[in-house]
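Written below as C-alpha cells is the structure these notes are about.
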Amino acid sequence: MGNSIENSYERFTKLLPEIETALGNQPNEADTRLKVLDRVLFEVLDWKHEAVFTEPATPSGFIDYLLTVGERRNALVIEAKRSGFLEPATKGDEVMHVALSGPVVKPLRAGIEQALRYATENGVPVAVVTDGKTWLFFKASRTDGQAPMNGKGVLFPNLKAVASNFAKFSELLNVGAIIDRKNLAHLHEAEGLIVPEAEQQYFVLNPIDASMRQREALASDAALLFAQFFSRLSNEKDREMLRDCFVETAESRKADFELEKIVQRVLNNITALDTGQSTALQAELQRTLESKRSETVLLVGNNGAGKSTFIDRFFEDILPRRLREKCVVVRVDLEEYDGDPELIVSWMNAQLREQLEIEVCASMPPTYDELMGVFFQEYQRWSVGSRKHLYETDKIKFKDEFGKHMEDRREKNPGEYVRLLLDWAVRGHQKLPCLVFDNTDQFPAEIQDKVYQAAHSYESASALFNVVPITDRTIWRLSKAGALQSYSARNFYLPVPDAKEIISRRVDFLKRKVEEEPRAAKLYFSRKGFQVEVNDLAILADAVGKVFVENDYVTRFIGRLGNFNIRRMLKIAERIFLSPELKIDDIIKSRFGGEDVTADRHRTHRALIKGEYDRFSESENEYISNLFQTNRQRPGPPLLPYYILAMLRQKLNAVRPDDDNIENQHWLAEDLCRLFEGCGVSEDLVMAAVVRLYDRRLIEALDPNAKQLSLMDKVAIKDSGLAHLEMFTTSPVYIEQMALVTGLNEMSARDEIRQYHRSNNFPALRDEFLRYITKIDNSRLTIPTHQLYSEIAKSRRLFDGLKAPGPARRKASA
C-alpha cells in the first residue's frame, strides 16, 4: 500500500497546478466535477470507471458520485458543490476532526444533510462533501445506535491540507484502502474510539519456550535415519522414485490413453514430411504444414497432486517409444521465475531458445550450418533477392554478413527465433515439439494469462503439443475472465490418491531397491546419503509400513490435514514417525510381535501435535493450529475461528454434489463480518481470524493467488480446516495440548490447569480449560435467537457438550 500511496502522491503533485488553475476560474458544479473530482478519482486514486456511478436516482434526488467495490457494493457517496461553495470556519491548513453539528462545518451543513439522505437510502457507510478545495469525510449509515449528525468527521479545509496529509487523504478515498476499510479506521479515530486495553495472558507452558526433547542414543540414530528416509521420499529431484511411485487412478489412466492419442494425431500431420520427393507429395506436405494442427492440454489438479510427475512419467514411461522418439520435449519451469509480469514472455522465450537449441541442434552451440537450416528461407531470399549480387560474387562475405544477421536475430528477437526453431524441428527433423509450461498456478492471474496466451501463440509457428499443468480453481477463474475464454484446450483431471497409497508405493520402491543385487542397492542408497546397512533399511521400511500402510485412520487423517498435497502429507508422516511420543524402537519391536503402538490414537495425536518438542508450538508446526489462541493486544472470542470454520463447512455442505461452480462453496469475507457483527464481534476481529485461518491454510480464497485477504475476497474451508474441526470436537489430546499453551487471562485458571498437568489428571485439565473458554466466549460473543445464527448456536452446544458433567469432573479431580 505504501508504494501505491507514493505513486498516487506523485500523480497528485503533477496534477495539482492544473487543479488549482481550474478552481481559480470559479467553475460551476459540473466543471468542478469534470476538471477536479473526476481527475482525482480516476487519475490519482486508481478508481475504475465501471466502479463509479454518476447521477444514480434515489428517492431524495440524484447522487453526484456513488463509488462501489467488489460486486457492486455501495461504499461511498460524494456530494459535489461548485468551487468556493464550502468555506469551513477555519483559517488553518491542517486536517481537523470536527463535529458534524459543530460551528466549523456549519457552512457545509446543507451538503452534509443531503449526502446523509443519499447514503441512508442506499446503505452507504461513508459520505464525502467537497467543492474540490474542501473535503469532509464522515460516517453516514450507522449501526451503532448513534444519530449520524452527532458524529464527527475528518476535514481537509483546503488543498494544502490534502497535499500535506496525502497518506490519510488517500486512505479515506483510495479504492484499495476502502476495500480494506482503512477509511473507517480514520473515521473511528476521529470519533475517539478507544481500543480496549490489552490483556495479560498466562501460560501453563509458554509455546515460545518450546525445546527439542532428549532422546536415547538408539532412538537418535533411528530418528536420524528416518529423517533421511522421509526426506528422500519427498525429494522431487529423485525422478526415478517419483515415476516408479506414481499412484495410478482411473483418471490418470484415462489421461495417459487420451494424451497418447492426441500426440499420435498431431504427429500424423508431420509424417508426410518424410515420404518422398515427388511433386504430388510435396504439395501434400505443403498443405500439411499450412494446416499446422496443434493441441493444447490442461492437466488439472490441486497443488501437490503430482502433475509434474505425471508429465515426466507420461513422456518417459507411458508414451510408446516409437512416438517418444518423434517428440522434442521441452519443459519451461516457472518455479525459477522471479514474478515480474512485464518480463514473463521474454523470459519464456529465453528458456525455450536455450532448451530447443539443445534438443533440436546436434551441437552446442549450434553450428553455422545448423543455424542456416533454421534460417534457410531467409538464406534463400537473400541469395536470390536483395543480396543476390554479393552471393554470386563473394560467397564468403555473403555468409559472414548472413551469420551476423542470424546472431542479431537470435539475440534481439528471441521470440521470433523460437518460432523458427519450432518450425525447423518439424520441417527439418520431422519431430513434434512438446512444450510443458510447469508451475504456472503459483503466480497471479496476469502472469497465468500471459503464459497461456504465449503457449497458444507458438502454435502459429508449427504443429505443437502444449501441456499446461493448472489447479482446478485457476482453470475455473481463467474460464470466467481469462485466456480460456479465447482459446480451446483439452482438460484432464488428476486427483490426489490417498496417503496410504502414496506411502505404500514409496515403501515398496525402497524394498525393491533393497532386494536388488547387493552392490547396486548399496550404490543407490549411498548416493542418497544413507550410511547404514541395506538390511537395516529393510527393517525400517517395514516399520514405516506398520505405522501408515496398516493404519487407515492415520493415513486418512494426514491426507486431509495436508490438504491432499503429496509433499505436505509426506512431511506430516515424517513428523509423526520421528516424534519421541511414538518411540521408534517400540515400533520396530512391534514388527517382531511387540505391542502395536500405532493403534493408540492418543499417542499418534500427541506425536502429530508436539513433534519432537516438549510442547506444541505453532512456530515449529505448520500443520496444526491452535483455534483457541487470541491476540493479547486485541483479544476476541476464543471460539471465533471455530465458528468461522463451522459456517464455512455448512456452506460447503449446502452445495449440491452436481454443482461444479466452485464459487458456490465460498463465502464473501465481508458477509462473514456482517454476520458476526450481529453477535457483537467487531469487523476487525472477524477479519483478523479469517486472515489467520487463511495464513495457516485452513481456508482458501477463491482467487488462488491472493497474497493478502480483504473484505472483498471469497473464502472456503479446506480439507485441513475440516480436519481441525474433527480434532476440535473429537480429540481429547488436541484439547489438552492447546490448554497447556493457550494464553489465559485468569491466573487462577492457569494455576488450576497447571496443577492438573503436574498430577497427570488430563480429564480434569481438559474440563477446566473448556470451562474457562466457555466463560470467556460467552462474555465476548452473544448468539442471537434467529435462524441465521443456528449453525453458530449448534456449534456452541457441541462445544459445551465436550465438558464432563459435574460428578465426572469431581471424580476426575479427586
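Residues in the C-alpha cells are named by chain (A, B, ... in the order shown) and by number from 1 within that chain; ligands are numbered from 1 in the order shown.
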Excluding segment 704-717 of chain A and any residue of its chain fewer than 5 positions from it, enumerate the residues within 7 Å of it, using only C-alpha atoms, and give them as a PDB file with C-alpha atoms, in the first residue's frame.
```pdb
ATOM      1  CA  GLY A  70     -16.450  -5.745  -5.236  1.00  0.00           C
ATOM      2  CA  ILE A 179     -11.840  -2.332   0.390  1.00  0.00           C
ATOM      3  CA  ASP A 180      -9.599  -2.873   3.439  1.00  0.00           C
ATOM      4  CA  GLN A 442       1.603 -20.280  -8.212  1.00  0.00           C
ATOM      5  CA  PHE A 443       1.550 -16.902  -9.986  1.00  0.00           C
ATOM      6  CA  PRO A 444      -1.049 -14.112 -10.164  1.00  0.00           C
ATOM      7  CA  ARG A 473      -9.526 -23.121  -9.055  1.00  0.00           C
ATOM      8  CA  THR A 474      -7.190 -21.482 -11.568  1.00  0.00           C
ATOM      9  CA  LEU A 645     -14.825 -22.890  10.153  1.00  0.00           C
ATOM     10  CA  LEU A 648     -17.747 -22.412   6.011  1.00  0.00           C
ATOM     11  CA  ARG A 649     -18.304 -26.147   6.431  1.00  0.00           C
ATOM     12  CA  GLN A 665     -18.513 -23.122  -1.996  1.00  0.00           C
ATOM     13  CA  HIS A 666     -17.158 -19.730  -0.947  1.00  0.00           C
ATOM     14  CA  TRP A 667     -18.402 -17.045   1.374  1.00  0.00           C
ATOM     15  CA  LEU A 668     -17.625 -13.359   0.948  1.00  0.00           C
ATOM     16  CA  ALA A 669     -15.434 -12.237   3.863  1.00  0.00           C
ATOM     17  CA  GLU A 670     -17.475  -9.059   4.232  1.00  0.00           C
ATOM     18  CA  VAL A 691      -6.718 -13.923   7.775  1.00  0.00           C
ATOM     19  CA  LEU A 698      -7.277 -23.971   6.931  1.00  0.00           C
ATOM     20  CA  ILE A 699      -9.292 -21.903   4.451  1.00  0.00           C
TER      21      ILE A 699
END
```
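The spacing separating atom CA of Ser460 of chain A from atom CA of Arg490 of chain A amounts to 18.3 Å.
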So that I can check the secondary structure, give me every residue of segment 553-698 of chain A assigned helix (DSSP H, G or I) by backbone DSSP, as a PyMOL selection string. chain A and resi 553-561+566-578+584-590+597-599+601-610+618-620+640-653+662-665+669-677+683-695
Which polymer residues have any atom within 12 Å of an atom of Glu407 of chain A, counting only C-alpha atoms, with same-chain residues fewer than 6 positions away left out, as number ranges by chain? A: 365-368, 371-372, 374-375, 400-401, 413-414, 417
Next, dump the selected residues to file, keeping only N, CA and C atoms, as a PDB file, in the first residue's frame.
```pdb
ATOM      1  N   PRO A 365      27.482 -24.786 -28.854  1.00  0.00           N
ATOM      2  CA  PRO A 365      26.419 -24.019 -29.507  1.00  0.00           C
ATOM      3  C   PRO A 365      26.170 -24.527 -30.920  1.00  0.00           C
ATOM      4  N   PRO A 366      24.998 -24.159 -31.493  1.00  0.00           N
ATOM      5  CA  PRO A 366      24.685 -24.636 -32.848  1.00  0.00           C
ATOM      6  C   PRO A 366      25.740 -24.187 -33.850  1.00  0.00           C
ATOM      7  N   THR A 367      26.027 -25.065 -34.811  1.00  0.00           N
ATOM      8  CA  THR A 367      26.990 -24.713 -35.854  1.00  0.00           C
ATOM      9  C   THR A 367      26.350 -23.746 -36.846  1.00  0.00           C
ATOM     10  N   TYR A 368      27.208 -23.182 -37.686  1.00  0.00           N
ATOM     11  CA  TYR A 368      26.716 -22.264 -38.720  1.00  0.00           C
ATOM     12  C   TYR A 368      25.707 -22.974 -39.619  1.00  0.00           C
ATOM     13  N   LEU A 371      22.366 -23.385 -37.899  1.00  0.00           N
ATOM     14  CA  LEU A 371      21.637 -22.112 -37.871  1.00  0.00           C
ATOM     15  C   LEU A 371      21.120 -21.763 -39.251  1.00  0.00           C
ATOM     16  N   MET A 372      21.897 -22.077 -40.273  1.00  0.00           N
ATOM     17  CA  MET A 372      21.441 -21.796 -41.626  1.00  0.00           C
ATOM     18  C   MET A 372      20.190 -22.617 -41.948  1.00  0.00           C
ATOM     19  N   VAL A 374      17.921 -23.365 -39.738  1.00  0.00           N
ATOM     20  CA  VAL A 374      16.832 -22.663 -39.042  1.00  0.00           C
ATOM     21  C   VAL A 374      16.374 -21.463 -39.866  1.00  0.00           C
ATOM     22  N   PHE A 375      17.331 -20.731 -40.432  1.00  0.00           N
ATOM     23  CA  PHE A 375      17.030 -19.504 -41.188  1.00  0.00           C
ATOM     24  C   PHE A 375      17.034 -19.749 -42.704  1.00  0.00           C
ATOM     25  N   ASP A 400      29.342 -14.384 -44.196  1.00  0.00           N
ATOM     26  CA  ASP A 400      29.709 -13.649 -42.989  1.00  0.00           C
ATOM     27  C   ASP A 400      28.596 -12.669 -42.597  1.00  0.00           C
ATOM     28  N   GLU A 401      28.089 -11.942 -43.594  1.00  0.00           N
ATOM     29  CA  GLU A 401      27.007 -10.998 -43.303  1.00  0.00           C
ATOM     30  C   GLU A 401      25.749 -11.735 -42.830  1.00  0.00           C
ATOM     31  N   ASN A 413      15.663 -10.865 -31.098  1.00  0.00           N
ATOM     32  CA  ASN A 413      14.284 -11.299 -31.334  1.00  0.00           C
ATOM     33  C   ASN A 413      14.126 -12.771 -30.933  1.00  0.00           C
ATOM     34  N   PRO A 414      14.316 -13.080 -29.637  1.00  0.00           N
ATOM     35  CA  PRO A 414      14.268 -14.492 -29.226  1.00  0.00           C
ATOM     36  C   PRO A 414      12.927 -15.152 -29.506  1.00  0.00           C
ATOM     37  N   TYR A 417      12.950 -16.171 -33.064  1.00  0.00           N
ATOM     38  CA  TYR A 417      13.911 -17.259 -33.216  1.00  0.00           C
ATOM     39  C   TYR A 417      13.333 -18.568 -32.691  1.00  0.00           C
TER      40      TYR A 417
END
```
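Counting only C-alpha atoms and comparing A:Gln351, A:Asn664, A:Ser625, A:Gln755, the residue that lies closest to Arg692 of chain A is A:Ser625.
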Long-range neighbours of Leu788 of chain A as number ranges by chain, 10 Å cut-off, only C-alpha atoms, 4 positions minimum in chain: A: 675, 678, 783-784, 792-793
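Between His188 of chain A and the residues A:Glu354, A:Arg512, A:Leu172, A:Pro580, the shortest atom-to-atom distance, using only C-alpha atoms, involves A:Leu172.
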